[in-house]
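Next comes structure_29.cif, a file with mmCIF, N, CA, C and O atoms.
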```
data_upload
#
loop_
_atom_site.label_atom_id
_atom_site.label_comp_id
_atom_site.auth_asym_id
_atom_site.auth_seq_id
_atom_site.Cartn_x
_atom_site.Cartn_y
_atom_site.Cartn_z
N MET X 726 14.75 32.03 -28.37
CA MET X 726 14.10 32.72 -27.27
C MET X 726 13.34 31.70 -26.42
O MET X 726 12.62 30.86 -26.94
N ARG X 727 13.49 31.76 -25.11
CA ARG X 727 12.84 30.83 -24.20
C ARG X 727 11.47 31.33 -23.79
O ARG X 727 11.27 32.53 -23.61
N ASN X 728 10.56 30.38 -23.58
CA ASN X 728 9.24 30.72 -23.06
C ASN X 728 9.23 30.46 -21.56
O ASN X 728 9.51 29.35 -21.12
N PHE X 729 8.93 31.46 -20.79
CA PHE X 729 8.85 31.31 -19.35
C PHE X 729 7.40 31.36 -18.92
O PHE X 729 6.59 32.07 -19.50
N LEU X 730 7.09 30.60 -17.87
CA LEU X 730 5.74 30.60 -17.33
C LEU X 730 5.47 31.89 -16.55
O LEU X 730 6.38 32.42 -15.90
N PRO X 731 4.26 32.38 -16.61
CA PRO X 731 3.92 33.50 -15.72
C PRO X 731 4.10 33.07 -14.26
O PRO X 731 3.96 31.90 -13.92
N TRP X 732 4.44 34.00 -13.41
CA TRP X 732 4.78 33.70 -12.02
C TRP X 732 3.67 32.94 -11.29
O TRP X 732 3.95 31.96 -10.60
N GLN X 733 2.41 33.33 -11.44
CA GLN X 733 1.32 32.66 -10.74
C GLN X 733 1.20 31.20 -11.19
O GLN X 733 0.98 30.31 -10.38
N GLU X 734 1.33 30.96 -12.47
CA GLU X 734 1.23 29.60 -12.97
C GLU X 734 2.40 28.76 -12.46
O GLU X 734 2.24 27.61 -12.06
N PHE X 735 3.58 29.34 -12.45
CA PHE X 735 4.76 28.65 -11.94
C PHE X 735 4.57 28.29 -10.46
O PHE X 735 4.85 27.17 -10.05
N GLN X 736 4.08 29.24 -9.68
CA GLN X 736 3.85 28.99 -8.26
C GLN X 736 2.84 27.87 -8.05
O GLN X 736 3.02 27.01 -7.21
N SER X 737 1.76 27.88 -8.82
CA SER X 737 0.73 26.87 -8.62
C SER X 737 1.24 25.48 -9.00
O SER X 737 0.94 24.50 -8.35
N GLN X 738 2.06 25.39 -10.06
CA GLN X 738 2.62 24.09 -10.44
C GLN X 738 3.59 23.60 -9.37
O GLN X 738 3.58 22.42 -9.02
N CYS X 739 4.41 24.48 -8.86
CA CYS X 739 5.35 24.09 -7.80
C CYS X 739 4.60 23.64 -6.55
O CYS X 739 4.96 22.66 -5.92
N ARG X 740 3.57 24.38 -6.19
CA ARG X 740 2.79 24.04 -5.00
C ARG X 740 2.18 22.65 -5.15
O ARG X 740 2.22 21.85 -4.24
N SER X 741 1.61 22.35 -6.32
CA SER X 741 0.98 21.04 -6.49
C SER X 741 2.01 19.92 -6.46
O SER X 741 1.77 18.85 -5.92
N ILE X 742 3.20 20.15 -7.01
CA ILE X 742 4.26 19.14 -6.97
C ILE X 742 4.72 18.93 -5.53
O ILE X 742 4.90 17.81 -5.09
N ILE X 743 4.89 20.00 -4.79
CA ILE X 743 5.32 19.89 -3.39
C ILE X 743 4.27 19.17 -2.57
O ILE X 743 4.59 18.29 -1.77
N GLU X 744 3.00 19.51 -2.76
CA GLU X 744 1.93 18.84 -2.02
C GLU X 744 1.90 17.35 -2.36
O GLU X 744 1.72 16.52 -1.48
N MET X 745 2.06 17.01 -3.64
CA MET X 745 2.05 15.62 -4.04
C MET X 745 3.21 14.86 -3.40
O MET X 745 3.04 13.76 -2.90
N LYS X 746 4.40 15.46 -3.35
CA LYS X 746 5.54 14.81 -2.72
C LYS X 746 5.31 14.62 -1.23
O LYS X 746 5.70 13.62 -0.65
N MET X 747 4.66 15.59 -0.60
CA MET X 747 4.37 15.47 0.82
C MET X 747 3.41 14.32 1.08
O MET X 747 3.59 13.56 2.03
N ILE X 748 2.42 14.16 0.22
CA ILE X 748 1.46 13.07 0.39
C ILE X 748 2.16 11.73 0.23
O ILE X 748 2.00 10.82 1.03
N PHE X 749 2.98 11.58 -0.83
CA PHE X 749 3.63 10.32 -1.09
C PHE X 749 4.72 10.01 -0.08
O PHE X 749 4.95 8.87 0.26
N SER X 750 5.42 11.02 0.41
CA SER X 750 6.50 10.76 1.35
C SER X 750 6.00 10.61 2.78
O SER X 750 6.78 10.32 3.67
N ALA X 751 4.73 10.80 2.99
CA ALA X 751 4.19 10.65 4.34
C ALA X 751 4.29 9.20 4.81
O ALA X 751 4.25 8.94 6.00
N GLY X 752 4.42 8.26 3.88
CA GLY X 752 4.57 6.86 4.25
C GLY X 752 3.29 6.23 4.76
O GLY X 752 3.31 5.16 5.31
N ALA X 753 2.19 6.89 4.57
CA ALA X 753 0.92 6.37 5.07
C ALA X 753 0.07 5.85 3.92
O ALA X 753 -1.06 6.23 3.76
N SER X 754 0.66 5.01 3.07
CA SER X 754 -0.10 4.43 1.98
C SER X 754 -1.18 3.52 2.57
O SER X 754 -0.87 2.56 3.26
N ARG X 755 -2.41 3.89 2.31
CA ARG X 755 -3.53 3.10 2.82
C ARG X 755 -4.38 2.65 1.65
O ARG X 755 -4.47 3.33 0.64
N TRP X 756 -5.02 1.49 1.82
CA TRP X 756 -5.88 0.97 0.78
C TRP X 756 -7.22 1.67 0.79
O TRP X 756 -7.69 2.12 1.85
N LEU X 757 -7.83 1.74 -0.38
CA LEU X 757 -9.16 2.35 -0.48
C LEU X 757 -10.19 1.52 0.27
O LEU X 757 -11.10 2.06 0.88
N GLU X 758 -10.05 0.20 0.21
CA GLU X 758 -10.93 -0.73 0.93
C GLU X 758 -10.06 -1.63 1.80
O GLU X 758 -9.09 -2.22 1.31
N PRO X 759 -10.38 -1.79 3.08
CA PRO X 759 -9.57 -2.68 3.92
C PRO X 759 -9.83 -4.15 3.57
O PRO X 759 -10.79 -4.49 2.89
N VAL X 760 -8.95 -5.01 4.05
CA VAL X 760 -9.09 -6.46 3.87
C VAL X 760 -9.42 -7.05 5.24
O VAL X 760 -8.76 -6.73 6.23
N TYR X 761 -10.44 -7.89 5.29
CA TYR X 761 -10.85 -8.53 6.55
C TYR X 761 -10.39 -9.97 6.53
O TYR X 761 -10.65 -10.70 5.58
N LEU X 762 -9.70 -10.37 7.61
CA LEU X 762 -9.25 -11.76 7.68
C LEU X 762 -9.41 -12.29 9.10
O LEU X 762 -9.61 -11.53 10.04
N ARG X 763 -9.33 -13.61 9.21
CA ARG X 763 -9.43 -14.28 10.50
C ARG X 763 -8.41 -15.41 10.49
O ARG X 763 -8.47 -16.29 9.64
N ILE X 764 -7.50 -15.39 11.43
CA ILE X 764 -6.47 -16.41 11.50
C ILE X 764 -6.85 -17.39 12.60
O ILE X 764 -7.03 -17.01 13.75
N GLY X 765 -7.03 -18.63 12.20
CA GLY X 765 -7.45 -19.68 13.13
C GLY X 765 -8.85 -19.40 13.66
O GLY X 765 -9.74 -19.03 12.90
N HIS X 766 -9.01 -19.55 14.96
CA HIS X 766 -10.31 -19.28 15.59
C HIS X 766 -10.32 -17.92 16.28
O HIS X 766 -11.15 -17.65 17.14
N GLY X 767 -9.40 -17.06 15.89
CA GLY X 767 -9.27 -15.74 16.50
C GLY X 767 -10.35 -14.78 16.04
O GLY X 767 -11.25 -15.10 15.25
N MET X 768 -10.23 -13.58 16.52
CA MET X 768 -11.17 -12.52 16.17
C MET X 768 -10.88 -12.03 14.75
O MET X 768 -9.75 -12.11 14.29
N PRO X 769 -11.91 -11.50 14.07
CA PRO X 769 -11.66 -10.92 12.75
C PRO X 769 -10.70 -9.73 12.87
O PRO X 769 -10.72 -8.99 13.85
N GLU X 770 -9.85 -9.58 11.88
CA GLU X 770 -8.86 -8.51 11.88
C GLU X 770 -9.02 -7.68 10.61
O GLU X 770 -9.40 -8.20 9.57
N VAL X 771 -8.74 -6.39 10.72
CA VAL X 771 -8.85 -5.47 9.60
C VAL X 771 -7.46 -5.02 9.21
O VAL X 771 -6.70 -4.53 10.04
N ILE X 772 -7.13 -5.18 7.93
CA ILE X 772 -5.84 -4.77 7.40
C ILE X 772 -6.10 -3.61 6.46
O ILE X 772 -6.83 -3.74 5.49
N ARG X 773 -5.48 -2.46 6.74
CA ARG X 773 -5.78 -1.23 6.00
C ARG X 773 -4.64 -0.72 5.12
O ARG X 773 -4.82 0.25 4.39
N SER X 774 -3.47 -1.33 5.19
CA SER X 774 -2.33 -0.78 4.46
C SER X 774 -1.32 -1.88 4.13
O SER X 774 -1.34 -2.95 4.76
N PRO X 775 -0.44 -1.60 3.19
CA PRO X 775 0.62 -2.57 2.89
C PRO X 775 1.50 -2.85 4.10
O PRO X 775 1.96 -3.97 4.30
N LYS X 776 1.73 -1.82 4.91
CA LYS X 776 2.57 -2.02 6.11
C LYS X 776 1.91 -2.99 7.09
O LYS X 776 2.57 -3.90 7.60
N GLU X 777 0.62 -2.82 7.33
CA GLU X 777 -0.10 -3.75 8.22
C GLU X 777 -0.09 -5.16 7.63
O GLU X 777 0.08 -6.14 8.35
N ALA X 778 -0.30 -5.25 6.31
CA ALA X 778 -0.30 -6.55 5.64
C ALA X 778 1.07 -7.22 5.78
O ALA X 778 1.16 -8.42 6.09
N HIS X 779 2.12 -6.45 5.57
CA HIS X 779 3.47 -7.01 5.67
C HIS X 779 3.75 -7.51 7.08
O HIS X 779 4.32 -8.60 7.27
N ASN X 780 3.34 -6.75 8.09
CA ASN X 780 3.52 -7.20 9.48
C ASN X 780 2.74 -8.48 9.76
O ASN X 780 3.25 -9.38 10.44
N HIS X 781 1.53 -8.58 9.23
CA HIS X 781 0.75 -9.81 9.42
C HIS X 781 1.42 -10.99 8.71
O HIS X 781 1.46 -12.09 9.26
N LEU X 782 1.90 -10.74 7.51
CA LEU X 782 2.56 -11.82 6.77
C LEU X 782 3.80 -12.32 7.51
O LEU X 782 4.10 -13.51 7.50
N LEU X 783 4.51 -11.42 8.16
CA LEU X 783 5.73 -11.82 8.87
C LEU X 783 5.46 -12.46 10.23
O LEU X 783 6.10 -13.45 10.59
N PHE X 784 4.53 -11.89 10.99
CA PHE X 784 4.40 -12.28 12.40
C PHE X 784 3.11 -13.00 12.78
O PHE X 784 3.05 -13.58 13.85
N ARG X 785 2.08 -12.97 11.94
CA ARG X 785 0.80 -13.54 12.34
C ARG X 785 0.30 -14.62 11.38
O ARG X 785 -0.75 -15.19 11.59
N TRP X 786 1.03 -14.88 10.32
CA TRP X 786 0.55 -15.76 9.26
C TRP X 786 0.63 -17.21 9.67
O TRP X 786 1.51 -17.60 10.43
N PRO X 787 -0.31 -18.05 9.18
CA PRO X 787 -0.23 -19.50 9.46
C PRO X 787 1.09 -20.09 8.96
O PRO X 787 1.72 -19.55 8.05
N THR X 788 1.49 -21.21 9.55
CA THR X 788 2.78 -21.80 9.20
C THR X 788 2.83 -22.38 7.79
O THR X 788 3.89 -22.45 7.19
N ILE X 789 1.68 -22.75 7.24
CA ILE X 789 1.65 -23.25 5.87
C ILE X 789 1.62 -22.04 4.94
O ILE X 789 0.68 -21.24 4.97
N ARG X 790 2.67 -21.92 4.13
CA ARG X 790 2.81 -20.74 3.27
C ARG X 790 3.05 -21.19 1.84
O ARG X 790 3.93 -22.01 1.59
N GLY X 791 2.29 -20.62 0.92
CA GLY X 791 2.43 -20.96 -0.48
C GLY X 791 3.16 -19.90 -1.27
O GLY X 791 3.75 -18.98 -0.71
N GLU X 792 3.11 -20.01 -2.58
CA GLU X 792 3.82 -19.06 -3.43
C GLU X 792 3.19 -17.67 -3.41
O GLU X 792 3.87 -16.68 -3.60
N LYS X 793 1.87 -17.58 -3.17
CA LYS X 793 1.22 -16.27 -3.09
C LYS X 793 1.72 -15.51 -1.86
O LYS X 793 1.80 -14.29 -1.86
N TYR X 794 2.05 -16.25 -0.81
CA TYR X 794 2.59 -15.63 0.40
C TYR X 794 3.88 -14.87 0.08
O TYR X 794 4.04 -13.72 0.48
N ASP X 795 4.79 -15.51 -0.63
CA ASP X 795 6.07 -14.86 -0.97
C ASP X 795 5.86 -13.62 -1.82
O ASP X 795 6.49 -12.59 -1.59
N SER X 796 4.97 -13.72 -2.81
CA SER X 796 4.69 -12.56 -3.67
C SER X 796 4.10 -11.42 -2.86
O SER X 796 4.50 -10.26 -3.01
N ALA X 797 3.14 -11.74 -2.00
CA ALA X 797 2.48 -10.70 -1.19
C ALA X 797 3.47 -10.04 -0.24
O ALA X 797 3.45 -8.83 -0.06
N ARG X 798 4.32 -10.85 0.36
CA ARG X 798 5.28 -10.29 1.31
C ARG X 798 6.23 -9.30 0.64
O ARG X 798 6.44 -8.19 1.13
N SER X 799 6.79 -9.68 -0.50
CA SER X 799 7.73 -8.77 -1.16
C SER X 799 7.02 -7.55 -1.74
O SER X 799 7.53 -6.43 -1.67
N LEU X 800 5.82 -7.74 -2.28
CA LEU X 800 5.10 -6.61 -2.87
C LEU X 800 4.60 -5.63 -1.81
O LEU X 800 4.67 -4.42 -2.00
N CYS X 801 4.13 -6.14 -0.68
CA CYS X 801 3.69 -5.25 0.40
C CYS X 801 4.86 -4.44 0.95
O CYS X 801 4.71 -3.27 1.28
N LEU X 802 6.02 -5.05 1.01
CA LEU X 802 7.21 -4.33 1.47
C LEU X 802 7.56 -3.21 0.49
O LEU X 802 7.84 -2.08 0.91
N GLU X 803 7.51 -3.49 -0.80
CA GLU X 803 7.79 -2.46 -1.80
C GLU X 803 6.74 -1.35 -1.78
O GLU X 803 7.05 -0.19 -1.98
N ALA X 804 5.47 -1.73 -1.57
CA ALA X 804 4.37 -0.76 -1.60
C ALA X 804 4.42 0.21 -0.43
O ALA X 804 3.80 1.27 -0.49
N GLU X 805 5.14 -0.13 0.62
CA GLU X 805 5.28 0.80 1.74
C GLU X 805 5.98 2.08 1.32
O GLU X 805 5.73 3.14 1.87
N THR X 806 6.86 1.99 0.33
CA THR X 806 7.59 3.16 -0.12
C THR X 806 7.18 3.63 -1.51
O THR X 806 7.57 4.71 -1.93
N ASP X 807 6.42 2.82 -2.23
CA ASP X 807 5.97 3.20 -3.57
C ASP X 807 4.45 3.18 -3.63
O ASP X 807 3.84 2.12 -3.78
N PRO X 808 3.80 4.33 -3.49
CA PRO X 808 2.34 4.37 -3.43
C PRO X 808 1.65 3.89 -4.70
O PRO X 808 0.48 3.52 -4.67
N PHE X 809 2.38 3.83 -5.81
CA PHE X 809 1.77 3.35 -7.04
C PHE X 809 1.53 1.84 -7.01
O PHE X 809 0.75 1.31 -7.79
N LEU X 810 2.20 1.14 -6.12
CA LEU X 810 2.03 -0.31 -5.99
C LEU X 810 0.98 -0.68 -4.93
O LEU X 810 0.67 -1.85 -4.75
N CYS X 811 0.45 0.31 -4.27
CA CYS X 811 -0.42 0.08 -3.11
C CYS X 811 -1.61 -0.83 -3.42
O CYS X 811 -1.83 -1.84 -2.75
N GLU X 812 -2.41 -0.49 -4.41
CA GLU X 812 -3.61 -1.28 -4.71
C GLU X 812 -3.27 -2.64 -5.30
O GLU X 812 -3.98 -3.61 -5.09
N TYR X 813 -2.17 -2.73 -6.04
CA TYR X 813 -1.74 -4.02 -6.57
C TYR X 813 -1.30 -4.93 -5.42
O TYR X 813 -1.58 -6.13 -5.42
N ALA X 814 -0.64 -4.35 -4.42
CA ALA X 814 -0.24 -5.11 -3.23
C ALA X 814 -1.47 -5.65 -2.51
O ALA X 814 -1.46 -6.78 -2.01
N ARG X 815 -2.54 -4.87 -2.47
CA ARG X 815 -3.79 -5.33 -1.85
C ARG X 815 -4.34 -6.55 -2.57
O ARG X 815 -4.74 -7.53 -1.94
N LYS X 816 -4.33 -6.49 -3.89
CA LYS X 816 -4.84 -7.60 -4.70
C LYS X 816 -4.03 -8.88 -4.44
O LYS X 816 -4.60 -9.95 -4.22
N VAL X 817 -2.73 -8.76 -4.42
CA VAL X 817 -1.88 -9.92 -4.19
C VAL X 817 -2.02 -10.41 -2.75
O VAL X 817 -2.00 -11.62 -2.48
N PHE X 818 -2.19 -9.50 -1.80
CA PHE X 818 -2.41 -9.89 -0.40
C PHE X 818 -3.71 -10.68 -0.27
O PHE X 818 -3.76 -11.68 0.44
N ILE X 819 -4.76 -10.26 -0.97
CA ILE X 819 -6.02 -10.99 -0.94
C ILE X 819 -5.83 -12.40 -1.50
O ILE X 819 -6.36 -13.38 -0.96
N GLU X 820 -5.06 -12.52 -2.59
CA GLU X 820 -4.77 -13.84 -3.15
C GLU X 820 -4.05 -14.73 -2.14
O GLU X 820 -4.34 -15.92 -2.03
N ALA X 821 -3.13 -14.14 -1.38
CA ALA X 821 -2.43 -14.90 -0.34
C ALA X 821 -3.39 -15.31 0.77
O ALA X 821 -3.29 -16.41 1.32
N CYS X 822 -4.35 -14.43 1.09
CA CYS X 822 -5.35 -14.75 2.11
C CYS X 822 -6.22 -15.92 1.66
O CYS X 822 -6.54 -16.82 2.45
N VAL X 823 -6.62 -15.91 0.39
CA VAL X 823 -7.43 -17.01 -0.15
C VAL X 823 -6.62 -18.30 -0.11
O VAL X 823 -7.13 -19.37 0.29
N GLU X 824 -5.36 -18.23 -0.52
CA GLU X 824 -4.49 -19.40 -0.52
C GLU X 824 -4.35 -20.00 0.88
O GLU X 824 -4.32 -21.23 1.04
N ALA X 825 -4.28 -19.14 1.90
CA ALA X 825 -4.10 -19.60 3.29
C ALA X 825 -5.43 -19.84 4.01
O ALA X 825 -5.45 -20.19 5.18
N SER X 826 -6.54 -19.61 3.31
CA SER X 826 -7.90 -19.77 3.89
C SER X 826 -8.10 -18.91 5.13
O SER X 826 -8.63 -19.38 6.14
N VAL X 827 -7.67 -17.65 5.07
CA VAL X 827 -7.85 -16.76 6.21
C VAL X 827 -8.75 -15.56 5.87
O VAL X 827 -9.02 -14.73 6.74
N LEU X 828 -9.21 -15.45 4.61
CA LEU X 828 -10.07 -14.34 4.22
C LEU X 828 -11.40 -14.45 4.95
O LEU X 828 -12.02 -15.51 4.97
N ASP X 829 -11.84 -13.39 5.59
CA ASP X 829 -13.08 -13.42 6.37
C ASP X 829 -14.23 -12.89 5.56
O ASP X 829 -14.18 -11.90 4.92
#
```

Would you write the structure of this file as structure tokens?
Amino acid sequence: MRNFLPWQEFQSQCRSIIEMKMIFSAGASRWLEPVYLRIGHGMPEVIRSPKEAHNHLLFRWPTIRGEKYDSARSLCLEAETDPFLCEYARKVFIEACVEASVLD
């Protein structure tokens, strides 16, 4: 004999799963704390998400690039679609900032 959930409980579980999928599929993975950096003598910049970090790594980063740069670039790209990697991508991005001496 199978055990079935009462209808209200089933609805609430489905609703929470659907809401969670909507949040994760929104593609707006943002960090809890932004990262502040300054490239060269420019203005301070605020990076709030893996997507912003990835764009900076590709288009705004200093020409001297170390091994942390490569790790941060690939991890930030992955974190754009996997929200569970978001905060780890931030940590690795900060390490790349320290390596490049751009952390503000």

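Selection result for the displayed file, with the PyMOL selection byres ((chain X and resi 759-776) around 7) as criterion, is X:Ser754, X:Arg755, X:Trp756, X:Leu757, X:Glu758, X:Glu777, X:Ala778, X:His779, X:Asn780, X:His781, X:Leu782, X:Arg785, X:Pro787, X:Ala797, X:Arg798, X:Leu800, X:Cys801, X:Leu802, X:Ala804, X:Glu805, X:Cys811, X:Ala814, X:Arg815, X:Ala825, X:Ser826, X:Val827, X:Leu828, X:Asp829.
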
Assuming 4 Å of padding per side, give the centre and edge lengths of the axis-aligned box around every listed atom of stretch 808-816 of chain X, in Å to one decimal and as AutoDock Vina command-line options.
```
--center_x -0.5 --center_y -2.8 --center_z -4.8 --size_x 16.6 --size_y 22.3 --size_z 13.9
```

Please compute the atom O of X:Val823-atom CA of X:Thr788 distance, one decimal, in Å.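 Interatomic distance here is 13.5 Å.
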
Would you work out the distance separating atom N of X:Cys822 from atom O of X:Ser799, expressed in Å to one decimal? 14.6 Å

Just asking: which residues within stretch 762-810 of chain X are strand (DSSP E or B) according to DSSP, as number ranges by chain? X: 762, 770-772

Take atom CA of X:Ala821 and atom CA of X:Asp795 and report the distance between them in Å, one decimal.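 Going from atom CA of X:Ala821 over to atom CA of X:Asp795, I get 8.5 Å.
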